[in-house]
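Chemist: Here you go, one structure.
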Amino acid sequence: MFDSVTIAEYMLSLAYEKRIVLNMTKIQKLLYLVYGKFMAESGKQISKESPKAWPYGPVFPRVHKKVKLDNVKTLDDPYFAEISQDKDLNQAIIGVIDRYSKFSATQLSDWSHSKGGPWDRTTKKEGFKWGVTEIPNEYIREYFTKFDLL
């Protein structure tokens, strides 16, 4: 498993190299897509941190707190060595950036609120609390196994 902050920073660097501008909302939703896609395909989590249900959709709180949009590293930075060597994770990240970065942060946020989706199901659970309740991996795996965005 990787650190969610490192994955998000790698995604930011990859997008920057491809001349794609990401804001925090877009990073969060794209990271959620990578998390879900990877889980559906491999059955494994990519990071120790799971997404939590926030009002604007799934959020990785450490990423929200620690990723700085104005501090973009180069992809060959040794900081990214472990991620860049993981072929499966790299393919998932590149695939998500290439396919879904064309959507606006608002479109991705709206999608993440889809009726019956993991975020929606989580917000309807008994005892749910904004920003505290994790979106269950079983919801994510089930959803992304049959997933087709927009």
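Going by the structure tokens order, chains are called A, B, ..., each with residues numbered from 1, while ligands are numbered from 1 in the order shown.
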DSSP on the backbone: what in range 10-146 of chain A comes out alpha helix (DSSP H), as a count of residues only?

Modeler: 74

Chemist: If you run DSSP over the backbone, which residues in range 28-146 of chain A end up strand (DSSP E)? Put them as a list in words.

Modeler: Lys52, Ala53, Trp54, Gly57, Pro58 and Val59 of chain A

Chemist: Which residues are near Ile94 in chain A? Cut-off 8 Å, only C-alpha atoms, ignore same chain within fewer than 4 positions. Put them as a PDB file with C-alpha atoms, in the first residue's frame.

Modeler:
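To be explicit, this is the file written out as out_27.pdb:
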```pdb
ATOM      1  CA  LEU A  14       1.537  13.541 -14.190  1.00  0.00           C
ATOM      2  CA  ASN A  90       0.816   3.392 -12.777  1.00  0.00           C
ATOM      3  CA  ASP A  98      -6.278  10.357 -19.539  1.00  0.00           C
TER       4      ASP A  98
END
```

Chemist: Measuring between only C-alpha atoms, which one of A:Lys73, A:Lys29, A:Lys52, A:Lys124 shows the shortest distance to Phe103 in chain A?

Modeler: A:Lys29

Chemist: For each of A:Phe80, A:Tyr100, A:Phe38, A:Phe2, take the minimum atom-to-atom distance to Ile20 in chain A, counting only C-alpha atoms, then give the residue where this is smallest.

Modeler: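 For Ile20 in chain A, the nearest of the given residues is A:Tyr100.
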
Chemist: For Lys129 in chain A, list every protein, DNA or RNA residue within 9 Å, evaluated using only C-alpha atoms, and leave out those in the same chain fewer than 3 positions away; present the list as a ChimeraX atom specification.

Modeler: /A:53-54,123,132-133
